[in-house]
file entry33.cif (mmCIF, C-alpha atoms and all ligand atoms)
data_structure
#
loop_
_atom_site.label_atom_id
_atom_site.label_comp_id
_atom_site.auth_asym_id
_atom_site.auth_seq_id
_atom_site.Cartn_x
_atom_site.Cartn_y
_atom_site.Cartn_z
CA MET A 11 -0.51 47.63 30.11
CA LYS A 12 3.27 47.39 30.24
CA LYS A 13 3.31 44.50 27.80
CA CYS A 14 1.14 46.46 25.38
CA LEU A 15 3.37 49.50 25.59
CA SER A 16 6.43 47.36 25.03
CA LEU A 17 4.93 45.76 21.90
CA CYS A 18 3.82 49.15 20.62
CA SER A 19 7.32 50.46 21.22
CA TRP A 20 8.88 47.62 19.25
CA PHE A 21 6.51 48.31 16.38
CA ALA A 22 7.34 52.01 16.43
CA LEU A 23 11.04 51.22 16.66
CA GLY A 24 10.79 49.05 13.54
CA LEU A 25 9.20 51.94 11.67
CA TRP A 26 11.84 54.31 13.00
CA LEU A 27 14.79 52.11 11.99
CA GLY A 28 13.34 51.80 8.53
CA ALA A 29 12.95 55.54 8.18
CA PRO A 30 15.57 57.65 6.40
CA SER A 31 18.36 58.81 8.63
CA SER A 32 17.68 62.30 9.90
CA GLY A 33 20.55 62.80 12.31
CA ALA A 34 23.32 61.31 14.39
CA ALA A 35 20.85 59.59 16.71
CA ALA A 36 19.62 57.50 13.78
CA GLU A 37 23.14 56.24 13.06
CA VAL A 38 24.57 55.40 16.46
CA ARG A 39 22.45 55.49 19.58
CA PRO A 40 24.39 57.46 22.18
CA ASN A 41 24.95 56.20 25.69
CA VAL A 42 23.45 58.21 28.52
CA VAL A 43 24.92 58.67 31.99
CA LEU A 44 22.52 60.54 34.28
CA VAL A 45 24.01 61.56 37.62
CA LEU A 46 21.52 62.82 40.22
CA ILE A 47 23.25 64.24 43.28
CA ASP A 48 21.12 64.16 46.42
CA ASP A 49 20.38 67.46 48.19
CA LEU A 50 23.09 69.36 46.30
CA GLY A 51 22.53 73.10 46.69
CA TYR A 52 22.72 75.77 43.99
CA GLY A 53 25.90 77.19 45.52
CA ASP A 54 27.68 73.94 46.42
CA LEU A 55 29.92 73.48 43.37
CA GLY A 56 32.94 75.43 42.24
CA CYS A 57 31.30 76.03 38.86
CA TYR A 58 28.46 77.79 40.70
CA GLY A 59 30.82 79.96 42.73
CA ASN A 60 31.71 77.80 45.73
CA THR A 61 35.23 78.39 47.00
CA ARG A 62 35.20 75.88 49.85
CA HIS A 63 34.23 72.59 48.24
CA ARG A 64 36.77 71.03 45.88
CA THR A 65 34.81 69.59 42.95
CA PRO A 66 37.27 69.57 40.02
CA HIS A 67 35.71 66.69 38.10
CA LEU A 68 32.19 68.08 38.19
CA ASP A 69 33.48 71.57 37.41
CA ARG A 70 35.40 70.25 34.39
CA LEU A 71 32.35 68.44 33.00
CA ALA A 72 30.38 71.67 33.34
CA ALA A 73 33.13 73.78 31.78
CA GLU A 74 33.44 71.41 28.84
CA GLY A 75 29.68 71.33 28.31
CA ILE A 76 26.59 73.46 28.89
CA ARG A 77 25.63 74.70 32.35
CA PHE A 78 22.13 75.77 33.38
CA THR A 79 21.55 78.76 35.64
CA ASP A 80 17.76 78.33 35.83
CA PHE A 81 17.25 74.58 36.21
CA HIS A 82 14.76 73.33 38.80
CA SER A 83 13.89 70.12 40.54
CA ASN A 84 10.21 69.24 40.29
CA GLY A 85 10.07 68.74 44.04
CA ALA A 86 11.70 70.42 47.01
CA VAL A 87 12.42 66.97 48.49
CA CYS A 88 13.71 63.67 47.12
CA SER A 89 10.85 61.39 46.00
CA PRO A 90 8.71 63.71 43.85
CA THR A 91 11.71 64.87 41.83
CA ARG A 92 12.77 61.27 41.21
CA ALA A 93 9.26 60.32 40.14
CA ALA A 94 9.25 63.21 37.66
CA LEU A 95 12.63 62.11 36.33
CA LEU A 96 11.42 58.57 35.75
CA THR A 97 8.06 59.46 34.19
CA GLY A 98 8.51 62.85 32.50
CA GLN A 99 5.42 64.00 34.36
CA TYR A 100 4.71 66.39 37.18
CA PRO A 101 5.06 64.51 40.49
CA GLN A 102 1.39 65.21 41.07
CA ARG A 103 0.60 63.07 38.02
CA SER A 104 3.37 60.51 38.48
CA GLY A 105 2.04 59.01 41.70
CA ILE A 106 4.34 60.57 44.32
CA GLU A 107 3.98 64.11 45.56
CA ALA A 108 5.81 63.89 48.89
CA ALA A 109 8.87 62.18 50.35
CA ILE A 110 8.04 58.56 51.09
CA GLY A 111 9.23 56.17 53.78
CA PHE A 112 9.47 52.41 53.90
CA THR A 113 5.92 51.20 53.48
CA LEU A 114 4.88 48.70 50.81
CA THR A 115 1.91 50.83 49.80
CA GLU A 116 3.65 53.92 48.40
CA GLY A 117 5.53 54.12 45.12
CA VAL A 118 5.42 55.16 41.49
CA PRO A 119 2.66 52.84 40.25
CA LEU A 120 4.03 49.96 38.22
CA GLU A 121 1.74 50.75 35.31
CA LYS A 122 3.48 54.10 34.84
CA THR A 123 5.84 54.15 31.87
CA THR A 124 9.40 54.96 32.95
CA ILE A 125 12.42 56.19 31.06
CA ALA A 126 13.99 52.72 31.32
CA GLU A 127 10.87 51.13 29.84
CA LEU A 128 11.15 53.51 26.90
CA LEU A 129 14.89 53.11 26.29
CA ALA A 130 15.11 49.32 26.79
CA PRO A 131 12.97 48.45 23.74
CA ALA A 132 15.23 50.72 21.67
CA GLY A 133 18.19 48.49 22.49
CA TYR A 134 19.46 50.17 25.64
CA ARG A 135 20.87 48.27 28.57
CA CYS A 136 19.54 50.09 31.65
CA GLY A 137 21.26 50.10 35.03
CA ILE A 138 20.76 52.05 38.26
CA PHE A 139 23.29 52.27 41.06
CA GLY A 140 22.55 54.46 44.07
CA LYS A 141 19.35 55.62 45.74
CA TRP A 142 15.91 54.69 44.39
CA HIS A 143 13.40 56.33 46.80
CA VAL A 144 10.30 56.03 44.63
CA GLY A 145 8.79 53.01 46.37
CA HIS A 146 10.12 50.10 48.39
CA VAL A 147 12.52 48.21 46.13
CA THR A 148 10.99 44.83 46.91
CA ARG A 149 7.68 45.93 45.42
CA PHE A 150 8.15 49.13 43.39
CA GLY A 151 11.83 48.57 42.61
CA PRO A 152 13.85 49.41 39.52
CA ASN A 153 13.75 45.93 38.01
CA ALA A 154 9.95 46.16 38.06
CA GLN A 155 10.21 49.54 36.32
CA GLY A 156 12.34 48.62 33.32
CA PHE A 157 15.93 48.51 34.62
CA HIS A 158 17.94 45.40 33.80
CA GLU A 159 20.36 45.77 36.70
CA SER A 160 20.22 47.54 40.03
CA HIS A 161 22.24 47.98 43.18
CA CYS A 162 20.37 50.51 45.23
CA SER A 163 18.90 51.64 48.52
CA ASN A 164 15.35 52.60 49.37
CA ASN A 165 16.34 55.69 51.23
CA ASN A 166 19.49 57.18 52.80
CA PRO A 167 21.24 54.51 54.86
CA ASP A 168 24.29 54.94 57.03
CA TYR A 169 27.15 55.24 54.53
CA HIS A 170 29.14 52.54 56.34
CA SER A 171 26.68 50.22 58.12
CA HIS A 172 23.98 50.61 55.42
CA VAL A 173 21.22 50.79 58.04
CA SER A 174 18.34 53.11 57.14
CA ARG A 175 16.25 55.23 59.47
CA ASP A 176 13.79 52.37 59.96
CA GLY A 177 16.53 50.24 61.54
CA ASN A 178 16.90 47.84 58.62
CA VAL A 179 19.80 47.15 56.30
CA ASP A 180 19.05 48.97 53.06
CA TRP A 181 21.26 47.85 50.17
CA TRP A 182 19.69 45.72 47.45
CA LYS A 183 20.78 43.92 44.30
CA ASN A 184 18.02 43.44 41.73
CA GLN A 185 15.40 43.94 44.46
CA HIS A 186 16.91 41.38 46.85
CA LEU A 187 18.76 42.30 50.02
CA ALA A 188 22.49 42.12 49.24
CA ASP A 189 24.55 43.85 51.89
CA GLU A 190 28.30 44.11 51.42
CA PRO A 191 31.06 46.15 53.03
CA GLY A 192 32.01 49.55 51.70
CA TYR A 193 31.36 53.31 51.78
CA LEU A 194 28.20 53.70 49.73
CA THR A 195 29.62 56.26 47.32
CA ASP A 196 32.46 53.83 46.55
CA LEU A 197 29.96 51.03 45.89
CA VAL A 198 28.04 53.27 43.51
CA THR A 199 31.28 53.99 41.66
CA ARG A 200 32.29 50.34 41.51
CA TYR A 201 28.99 49.14 40.03
CA SER A 202 28.72 52.08 37.64
CA VAL A 203 32.21 51.47 36.26
CA ARG A 204 31.58 47.74 35.96
CA PHE A 205 28.31 48.41 34.14
CA ILE A 206 30.05 50.66 31.61
CA ARG A 207 32.78 48.11 30.97
CA GLU A 208 30.34 45.24 30.56
CA ASN A 209 28.07 47.17 28.19
CA ARG A 210 30.63 49.14 26.24
CA ALA A 211 29.64 47.49 22.96
CA GLN A 212 25.94 48.40 23.11
CA PRO A 213 23.92 51.49 23.94
CA PHE A 214 23.42 51.90 27.66
CA PHE A 215 21.48 54.10 30.05
CA LEU A 216 23.33 54.42 33.33
CA TYR A 217 21.32 56.16 36.05
CA VAL A 218 23.54 57.14 39.00
CA PRO A 219 21.45 58.65 41.81
CA GLN A 220 24.31 59.34 44.19
CA LEU A 221 23.50 59.05 47.90
CA GLY A 222 25.73 62.01 48.76
CA VAL A 223 25.25 64.64 49.99
CA HIS A 224 22.11 63.67 51.90
CA PHE A 225 22.48 62.99 55.65
CA PRO A 226 23.70 61.08 57.65
CA TYR A 227 26.74 63.32 57.47
CA GLN A 228 29.61 60.87 57.21
CA GLY A 229 32.74 61.34 55.18
CA PRO A 230 34.66 58.26 54.01
CA GLY A 231 36.82 58.36 57.16
CA ASP A 232 34.03 58.90 59.69
CA PRO A 233 32.75 56.00 61.80
CA PRO A 234 29.63 53.89 61.19
CA HIS A 235 26.71 54.86 63.40
CA ARG A 236 23.35 53.20 62.87
CA THR A 237 22.67 49.66 64.02
CA THR A 238 19.70 47.47 63.19
CA GLY A 239 16.62 46.99 65.34
CA ARG A 240 15.73 50.56 66.24
CA ALA A 241 14.56 53.71 64.45
CA TRP A 242 16.86 56.67 63.77
CA ASN A 243 14.37 59.49 63.46
CA GLY A 244 15.58 61.96 66.07
CA ASP A 245 18.61 64.21 65.80
CA ASP A 246 20.59 60.96 65.54
CA ARG A 247 19.35 60.70 61.95
CA TYR A 248 22.15 63.10 61.01
CA GLY A 249 24.92 60.69 61.96
CA PRO A 250 27.59 60.16 64.57
CA LEU A 251 29.23 63.58 64.54
CA PRO A 252 28.77 66.71 66.66
CA LYS A 253 27.01 69.48 64.74
CA SER A 254 30.25 71.42 64.56
CA GLN A 255 31.57 68.75 62.16
CA TYR A 256 28.57 68.49 59.83
CA SER A 257 29.91 70.92 57.24
CA ARG A 258 33.32 69.23 57.23
CA ALA A 259 31.70 65.84 56.64
CA TYR A 260 29.40 67.35 54.01
CA ARG A 261 32.42 68.70 52.13
CA GLU A 262 34.10 65.30 52.24
CA MET A 263 30.92 63.57 51.07
CA LEU A 264 30.64 65.97 48.15
CA GLU A 265 34.28 65.51 47.28
CA ALA A 266 33.71 61.73 47.31
CA VAL A 267 30.81 62.20 44.89
CA ASP A 268 33.06 64.37 42.73
CA ALA A 269 35.70 61.63 42.69
CA SER A 270 33.01 59.08 41.81
CA VAL A 271 31.83 61.10 38.83
CA GLY A 272 35.47 61.63 37.86
CA GLU A 273 36.06 57.89 37.82
CA ILE A 274 32.95 57.28 35.73
CA ALA A 275 34.09 59.91 33.21
CA ALA A 276 37.63 58.48 33.19
CA THR A 277 36.22 55.03 32.41
CA LEU A 278 34.31 56.45 29.46
CA ASP A 279 37.54 58.15 28.32
CA GLU A 280 39.56 54.97 28.65
CA LEU A 281 37.04 53.01 26.58
CA GLY A 282 36.80 55.70 23.92
CA LEU A 283 33.13 56.34 24.65
CA ARG A 284 33.07 60.05 25.44
CA GLU A 285 32.13 61.13 21.90
CA ASN A 286 29.15 58.82 22.04
CA THR A 287 28.00 59.46 25.60
CA LEU A 288 25.79 62.23 26.92
CA ILE A 289 26.54 62.92 30.58
CA LEU A 290 23.86 64.79 32.53
CA VAL A 291 24.34 65.99 36.10
CA CYS A 292 21.73 67.62 38.34
CA SER A 293 20.38 67.66 41.90
CA ASP A 294 17.02 66.48 43.23
CA ASN A 295 16.37 69.51 45.48
CA GLY A 296 18.17 72.28 47.35
CA THR A 297 20.35 71.69 50.37
CA TYR A 298 19.83 72.57 54.01
CA SER A 299 21.44 75.97 54.27
CA TRP A 300 22.92 75.16 57.71
CA VAL A 301 25.21 72.57 56.14
CA GLY A 302 25.49 73.33 52.41
CA SER A 303 25.08 76.33 50.14
CA ASN A 304 22.12 77.49 48.09
CA GLY A 305 24.18 80.47 46.91
CA PRO A 306 22.15 83.69 46.74
CA LEU A 307 18.80 81.92 46.93
CA ARG A 308 16.16 82.22 49.63
CA GLY A 309 14.98 79.11 51.45
CA GLN A 310 16.27 75.58 51.53
CA LYS A 311 15.29 71.95 50.99
CA GLY A 312 11.55 71.60 51.53
CA ASP A 313 10.75 75.21 50.56
CA LEU A 314 9.16 76.48 47.36
CA HIS A 315 11.31 79.56 47.43
CA GLU A 316 14.20 79.13 44.97
CA GLY A 317 16.57 77.62 47.52
CA GLY A 318 14.34 74.56 47.67
CA HIS A 319 14.29 73.78 43.95
CA ARG A 320 16.68 75.84 41.79
CA VAL A 321 19.60 73.43 41.49
CA PRO A 322 22.90 72.90 39.66
CA ALA A 323 22.57 71.12 36.30
CA PHE A 324 24.84 70.64 33.34
CA ALA A 325 25.33 68.42 30.31
CA ASN A 326 28.49 67.20 28.64
CA TRP A 327 28.83 65.45 25.29
CA ARG A 328 32.24 65.72 23.71
CA GLY A 329 32.05 66.72 20.07
CA ARG A 330 28.30 67.36 20.21
CA ILE A 331 27.82 69.98 22.94
CA ALA A 332 30.06 72.99 22.47
CA PRO A 333 32.20 73.62 25.56
CA GLY A 334 31.97 76.65 27.80
CA ARG A 335 28.31 77.40 27.30
CA VAL A 336 25.96 78.74 29.95
CA THR A 337 22.21 78.79 29.35
CA SER A 338 19.47 80.69 31.13
CA ALA A 339 16.79 78.35 29.75
CA THR A 340 14.22 77.54 32.42
CA ALA A 341 14.10 73.74 32.69
CA LEU A 342 12.87 71.07 35.10
CA THR A 343 13.67 67.49 36.00
CA MET A 344 10.62 66.25 34.10
CA ASP A 345 12.20 67.56 30.87
CA LEU A 346 14.96 64.95 31.01
CA LEU A 347 12.79 62.04 29.80
CA PRO A 348 11.57 63.79 26.62
CA THR A 349 15.15 64.98 26.05
CA LEU A 350 16.52 61.45 26.25
CA LEU A 351 13.80 60.17 23.94
CA ALA A 352 14.84 62.76 21.35
CA ILE A 353 18.56 62.13 21.71
CA SER A 354 18.28 58.34 21.70
CA GLY A 355 15.71 58.15 18.92
CA ALA A 356 13.64 55.83 21.11
CA PRO A 357 10.00 56.01 20.06
CA ARG A 358 7.35 57.69 22.17
CA PRO A 359 4.29 55.48 22.47
CA SER A 360 1.13 57.13 21.27
CA GLY A 361 -0.99 58.22 24.18
CA LEU A 362 1.93 58.62 26.59
CA ARG A 363 1.27 61.79 28.58
CA LEU A 364 4.41 63.86 29.17
CA ASP A 365 4.50 67.18 31.02
CA GLY A 366 8.19 67.84 30.30
CA VAL A 367 9.61 69.17 27.05
CA ASP A 368 12.59 68.15 24.92
CA LEU A 369 15.74 70.11 25.83
CA SER A 370 17.91 68.69 23.06
CA GLY A 371 17.64 71.90 21.02
CA VAL A 372 18.99 73.85 24.00
CA LEU A 373 21.80 71.37 24.57
CA LEU A 374 22.90 70.82 20.99
CA ARG A 375 21.81 73.84 18.98
CA ASP A 376 21.48 76.80 21.33
CA GLU A 377 17.74 76.97 20.62
CA LEU A 378 15.30 78.73 22.91
CA LEU A 379 12.45 77.00 24.69
CA ALA A 380 8.89 78.09 24.00
CA PRO A 381 7.44 80.03 26.94
CA ARG A 382 5.43 77.87 29.33
CA PRO A 383 4.04 78.22 32.83
CA LEU A 384 5.62 75.94 35.45
CA PHE A 385 4.17 74.70 38.72
CA TRP A 386 5.23 73.27 42.06
CA ARG A 387 3.13 71.98 44.95
CA ASP A 388 4.36 70.68 48.30
CA ALA A 389 1.81 70.23 51.09
CA ASP A 390 0.53 73.76 51.87
CA GLN A 391 2.98 75.48 49.51
CA ARG A 392 2.30 76.35 45.86
CA ALA A 393 4.42 78.12 43.25
CA VAL A 394 3.85 79.14 39.67
CA ARG A 395 6.43 80.59 37.30
CA ARG A 396 5.81 82.57 34.13
CA GLY A 397 8.91 84.09 32.54
CA PRO A 398 10.65 86.14 35.23
CA TRP A 399 7.58 86.17 37.45
CA LYS A 400 7.08 83.75 40.29
CA LEU A 401 4.10 83.56 42.61
CA VAL A 402 4.57 81.68 45.88
CA THR A 403 1.69 80.88 48.20
CA ARG A 404 1.61 79.29 51.62
CA THR A 405 -1.75 79.00 53.35
CA ALA A 406 -3.08 82.59 53.27
CA GLN A 407 0.22 84.26 52.31
CA THR A 408 0.89 85.26 48.70
CA GLU A 409 4.18 86.66 47.40
CA LEU A 410 5.22 87.77 43.92
CA PHE A 411 8.80 88.09 42.75
CA ASN A 412 10.60 89.13 39.59
CA LEU A 413 13.48 86.64 39.47
CA THR A 414 15.40 88.52 36.78
CA ASP A 415 15.83 91.45 39.15
CA ASP A 416 15.59 89.56 42.41
CA VAL A 417 16.74 85.93 42.33
CA GLY A 418 16.98 86.05 46.13
CA GLU A 419 13.20 86.69 46.41
CA LYS A 420 13.67 89.59 48.79
CA ASN A 421 11.17 92.06 47.32
CA ASP A 422 7.54 90.98 47.40
CA LEU A 423 5.80 92.83 44.57
CA ALA A 424 2.34 91.33 45.05
CA ALA A 425 0.73 94.51 46.38
CA GLY A 426 1.59 96.53 43.27
CA HIS A 427 0.65 93.86 40.70
CA SER A 428 -2.81 92.71 41.69
CA GLU A 429 -3.85 91.85 38.11
CA LEU A 430 -0.77 89.65 37.53
CA VAL A 431 -1.32 87.97 40.90
CA ARG A 432 -4.89 87.22 39.90
CA GLU A 433 -3.78 85.75 36.56
CA LEU A 434 -1.09 83.56 38.08
CA LYS A 435 -3.46 82.33 40.76
CA GLY A 436 -5.88 81.43 38.00
CA GLU A 437 -3.20 79.48 36.11
CA LEU A 438 -2.25 77.68 39.30
CA ALA A 439 -5.87 76.75 40.03
CA ALA A 440 -6.31 75.42 36.48
CA TRP A 441 -3.16 73.32 36.79
CA GLU A 442 -4.27 71.90 40.13
CA LEU A 443 -7.59 70.99 38.60
CA ALA A 444 -5.78 69.26 35.70
CA VAL A 445 -3.33 67.21 37.79
CA GLY A 446 -5.84 66.46 40.51
CA SER A 447 -4.86 64.35 43.46
CA PRO A 448 -1.78 62.16 43.24
CA VAL A 449 -2.34 58.76 41.64
CA LYS A 450 -2.95 56.21 44.36
CA SER A 451 -0.21 53.64 44.72
CA ARG A 452 -1.25 50.02 44.69
CA CA A 501 17.10 64.92 48.00
#
call {"tool": "encode", "arguments": {"input": "entry33.cif", "output": "structure tokens", "more": "lines below"}}
Ligand SMILES: [Ca+2]
result
Amino acid sequence: MKKCLSLCSWFALGLWLGAPSSGAAAEVRPNVVLVLIDDLGYGDLGCYGNTRHRTPHLDRLAAEGIRFTDFHSNGAVCSPTRAALLTGQYPQRSGIEAAIGFTLTEGVPLEKTTIAELLAPAGYRCGIFGKWHVGHVTRFGPNAQGFHESHCSNNNPDYHSHVSRDGNVDWWKNQHLADEPGYLTDLVTRYSVRFIRENRAQPFFLYVPQLGVHFPYQGPGDPPHRTTGRAWNGDDRYGPLPKSQYSRAYREMLEAVDASVGEIAATLDELGLRENTLILVCSDNGTYSWVGSNGPLRGQKGDLHEGGHRVPAFANWRGRIAPGRVTSATALTMDLLPTLLAISGAPRPSGLRLDGVDLSGVLLRDELLAPRPLFWRDADQRAVRRGPWKLVTRTAQTELFNLTDDVGEKNDLAAGHSELVRELKGELAAWELAVGSPVKSR
């Protein structure tokens, strides 16, 4: 299946290259740097109102680009959002609907078409440095899903000892164990910068799923904690520090991520690549509100109230995206793949099912998105969004909110809007019927 898609893509690419030029993408394929920050909350960055965390590099990229106020992760936890990012599909269709562990039986199925498998045939060099978390890397890893180079973890290891919660070392190079000393955020920076330098003369897709700011809570100066040979699934999963120091460590971890992104941007500057590089930054789900900030939102990581999935997101492309813009467009992680297809000019194979939509008109031309219903599902929670309206269900409980008036989801309006509740429940049921059960991993 993959081979067929690849051949089809080459054929389509040949047609595309022979077609008359219709825009900048047809002349020079832009580079893409996609930074996914782990568990970053809606209120964690200075550009979203935080006054405690110092994030000057991220704030500058946002200020010099376009910032979303209504961007959402597809999942309220790590794996489903990452699966949606890679496939452009709802997690429920992509093969992973829940956070996964370390088994060899769970993962985005290899026959799924990923963003790397679409960009590579168009001449892109594809690299990933950071956290994978969509299937054990030895079986479902990035090199088996279209990436040319990878240094990554399965999950969230100790930042210093690199031991994951299953008691095994978890740092891999091209799907082979390759431990090395270093604070993980620094390793992510090192490989990302090297990748840019080595591929400066050709289009590249650099995917940087930062490990910060997911637990264990360890700043660069905090001690290593986990050792091999035992599981770390109790309260010790959060690291070596007393709880009173979690938020201090979290701030330092975020500031290390900010420095990492700053170094990546500085490398692009130094090489004269900023005018030909789209930088996208977003988070994979909300933060835990006892350590980070979801701003004015209700709920936290794992919840289908806004605090679980409304996240920071912005795009920067010097000379192409006008600086200082803020958009209220409602967008999701699964929209990134169609957006990158449009911006890169990479062909979309016929028959490829995408749930996301192209955001390039929002980014480049201030266009509006067509209205569409949006859906989330996480175990016993469901949510559906239509314009300002959001219905949230959990077992027998149903709530309705108007997010324009009430982004904090404080006023349940379900009792006074029975007809709208009925309609939204109907849309949700139809969507669940369409996506069915998650694709079984193999
Ligand atoms: Ca996460």
call {"tool": "residues_around", "arguments": {"input": "entry33.cif", "residues": "segment 393-405 of chain A", "least_positions_apart": "2", "cutoff": "8 Å", "atoms": "all atoms listed in the file", "output": "PyMOL selection string"}}
result
chain A and resi 314-315+381-387+390-391+407-414+431+434-435+437-438
call {"tool": "write_last_selection", "arguments": {"input": "entry33.cif", "atoms": "C-alpha atoms", "output": "PDB file, keeping the file's coordinate frame"}}
result
ATOM      1  CA  LEU A 314       9.160  76.480  47.360  1.00  0.00           C
ATOM      2  CA  HIS A 315      11.310  79.560  47.430  1.00  0.00           C
ATOM      3  CA  PRO A 381       7.440  80.030  26.940  1.00  0.00           C
ATOM      4  CA  ARG A 382       5.430  77.870  29.330  1.00  0.00           C
ATOM      5  CA  PRO A 383       4.040  78.220  32.830  1.00  0.00           C
ATOM      6  CA  LEU A 384       5.620  75.940  35.450  1.00  0.00           C
ATOM      7  CA  PHE A 385       4.170  74.700  38.720  1.00  0.00           C
ATOM      8  CA  TRP A 386       5.230  73.270  42.060  1.00  0.00           C
ATOM      9  CA  ARG A 387       3.130  71.980  44.950  1.00  0.00           C
ATOM     10  CA  ASP A 390       0.530  73.760  51.870  1.00  0.00           C
ATOM     11  CA  GLN A 391       2.980  75.480  49.510  1.00  0.00           C
ATOM     12  CA  GLN A 407       0.220  84.260  52.310  1.00  0.00           C
ATOM     13  CA  THR A 408       0.890  85.260  48.700  1.00  0.00           C
ATOM     14  CA  GLU A 409       4.180  86.660  47.400  1.00  0.00           C
ATOM     15  CA  LEU A 410       5.220  87.770  43.920  1.00  0.00           C
ATOM     16  CA  PHE A 411       8.800  88.090  42.750  1.00  0.00           C
ATOM     17  CA  ASN A 412      10.600  89.130  39.590  1.00  0.00           C
ATOM     18  CA  LEU A 413      13.480  86.640  39.470  1.00  0.00           C
ATOM     19  CA  THR A 414      15.400  88.520  36.780  1.00  0.00           C
ATOM     20  CA  VAL A 431      -1.320  87.970  40.900  1.00  0.00           C
ATOM     21  CA  LEU A 434      -1.090  83.560  38.080  1.00  0.00           C
ATOM     22  CA  LYS A 435      -3.460  82.330  40.760  1.00  0.00           C
ATOM     23  CA  GLU A 437      -3.200  79.480  36.110  1.00  0.00           C
ATOM     24  CA  LEU A 438      -2.250  77.680  39.300  1.00  0.00           C
TER      25      LEU A 438
END
call {"tool": "residues_around", "arguments": {"input": "entry33.cif", "residues": "segment 242-247 of chain A", "least_positions_apart": "5", "cutoff": "8 Å", "atoms": "all atoms listed in the file", "output": "mmCIF file with C-alpha atoms, in the coordinates of the input"}}
result
data_model
loop_
_atom_site.group_PDB
_atom_site.id
_atom_site.type_symbol
_atom_site.label_atom_id
_atom_site.label_comp_id
_atom_site.auth_asym_id
_atom_site.auth_seq_id
_atom_site.Cartn_x
_atom_site.Cartn_y
_atom_site.Cartn_z
ATOM 1 C CA SER A 174 18.340 53.110 57.140
ATOM 2 C CA ARG A 175 16.250 55.230 59.470
ATOM 3 C CA ASP A 176 13.790 52.370 59.960
ATOM 4 C CA GLY A 177 16.530 50.240 61.540
ATOM 5 C CA PHE A 225 22.480 62.990 55.650
ATOM 6 C CA PRO A 226 23.700 61.080 57.650
ATOM 7 C CA ARG A 236 23.350 53.200 62.870
#
call {"tool": "residues_near_ligand", "arguments": {"input": "entry33.cif", "ligand": "ligand CA 501 (chain A)", "cutoff": "8 Å", "atoms": "all atoms listed in the file", "output": "list in words"}}
result
Ile47, Asp48, Asp49, Leu50, Ala86, Val87, Cys88, Ser89, His224, Ser293, Asp294, Asn295, Gly296, Thr297 and Lys311 of chain A
call {"tool": "closest_atom_pairs", "arguments": {"input": "entry33.cif", "of": "segment 291-409 of chain A", "to": "segment 109-128 of chain A", "cutoff": "9 Å", "atoms": "all atoms listed in the file", "output": "Markdown table"}}
result
| residue | atom | partner | partner_atom | distance |
| --- | --- | --- | --- | --- |
| A:Leu347 | CA | A:Ile125 | CA | 6.0 |
| A:Pro348 | CA | A:Ile125 | CA | 8.8 |
| A:Leu350 | CA | A:Ile125 | CA | 8.2 |
| A:Leu351 | CA | A:Leu128 | CA | 7.8 |
| A:Ala356 | CA | A:Leu128 | CA | 6.7 |
| A:Pro357 | CA | A:Leu128 | CA | 7.4 |
| A:Arg358 | CA | A:Leu128 | CA | 7.4 |
| A:Pro359 | CA | A:Leu128 | CA | 8.4 |
| A:Leu362 | CA | A:Thr123 | CA | 7.9 |
call {"tool": "residues_around", "arguments": {"input": "entry33.cif", "residues": "segment 62-64 of chain A", "least_positions_apart": "5", "cutoff": "9 Å", "atoms": "all atoms listed in the file", "output": "list in words"}}
result
Asp54, Leu55, Gly56, Arg261, Glu262, Leu264, Glu265 and Asp268 of chain A
call {"tool": "closest_residue", "arguments": {"input": "entry33.cif", "among": "A:Gly59, A:Gly355, A:Gly309, A:Pro233", "to": "Lys420 of chain A", "atoms": "only C-alpha atoms"}}
result
A:Gly309
call {"tool": "atom_distance", "arguments": {"input": "entry33.cif", "atom1": "atom CA of Thr91 of chain A", "atom2": "atom CA of Leu283 of chain A"}}
result
28.8 Å
call {"tool": "residues_around", "arguments": {"input": "entry33.cif", "residues": "Glu208 of chain A", "least_positions_apart": "3", "cutoff": "12 Å", "atoms": "only C-alpha atoms", "output": "list in words"}}
result
Arg135, Cys136, Gly137, Glu159, Tyr201, Ser202, Val203, Arg204, Phe205, Ala211, Gln212, Pro213, Phe214, Leu216, Thr277, Leu278 and Leu281 of chain A
call {"tool": "residues_around", "arguments": {"input": "entry33.cif", "residues": "Arg335 of chain A", "least_positions_apart": "4", "cutoff": "7 Å", "atoms": "only C-alpha atoms", "output": "number ranges by chain"}}
result
A: 75-77
call {"tool": "build_atoms", "arguments": {"input": "entry33.cif", "residues": "segment 354-358 of chain A", "atoms": "N, CA and C atoms", "output": "compact mmCIF listing (two decimals), in the coordinates of the input"}}
result
# COMPACT_ATOMS: atom_id res chain seq x y z
N SER A 354 18.07 59.77 21.96
CA SER A 354 18.28 58.34 21.70
C SER A 354 17.56 57.88 20.44
N GLY A 355 16.55 58.62 20.02
CA GLY A 355 15.71 58.15 18.92
C GLY A 355 14.71 57.09 19.34
N ALA A 356 14.63 56.81 20.64
CA ALA A 356 13.64 55.83 21.11
C ALA A 356 12.24 56.37 20.85
N PRO A 357 11.34 55.52 20.40
CA PRO A 357 10.00 56.01 20.06
C PRO A 357 9.18 56.37 21.29
N ARG A 358 8.30 57.32 21.10
CA ARG A 358 7.35 57.69 22.17
C ARG A 358 6.02 57.03 21.86
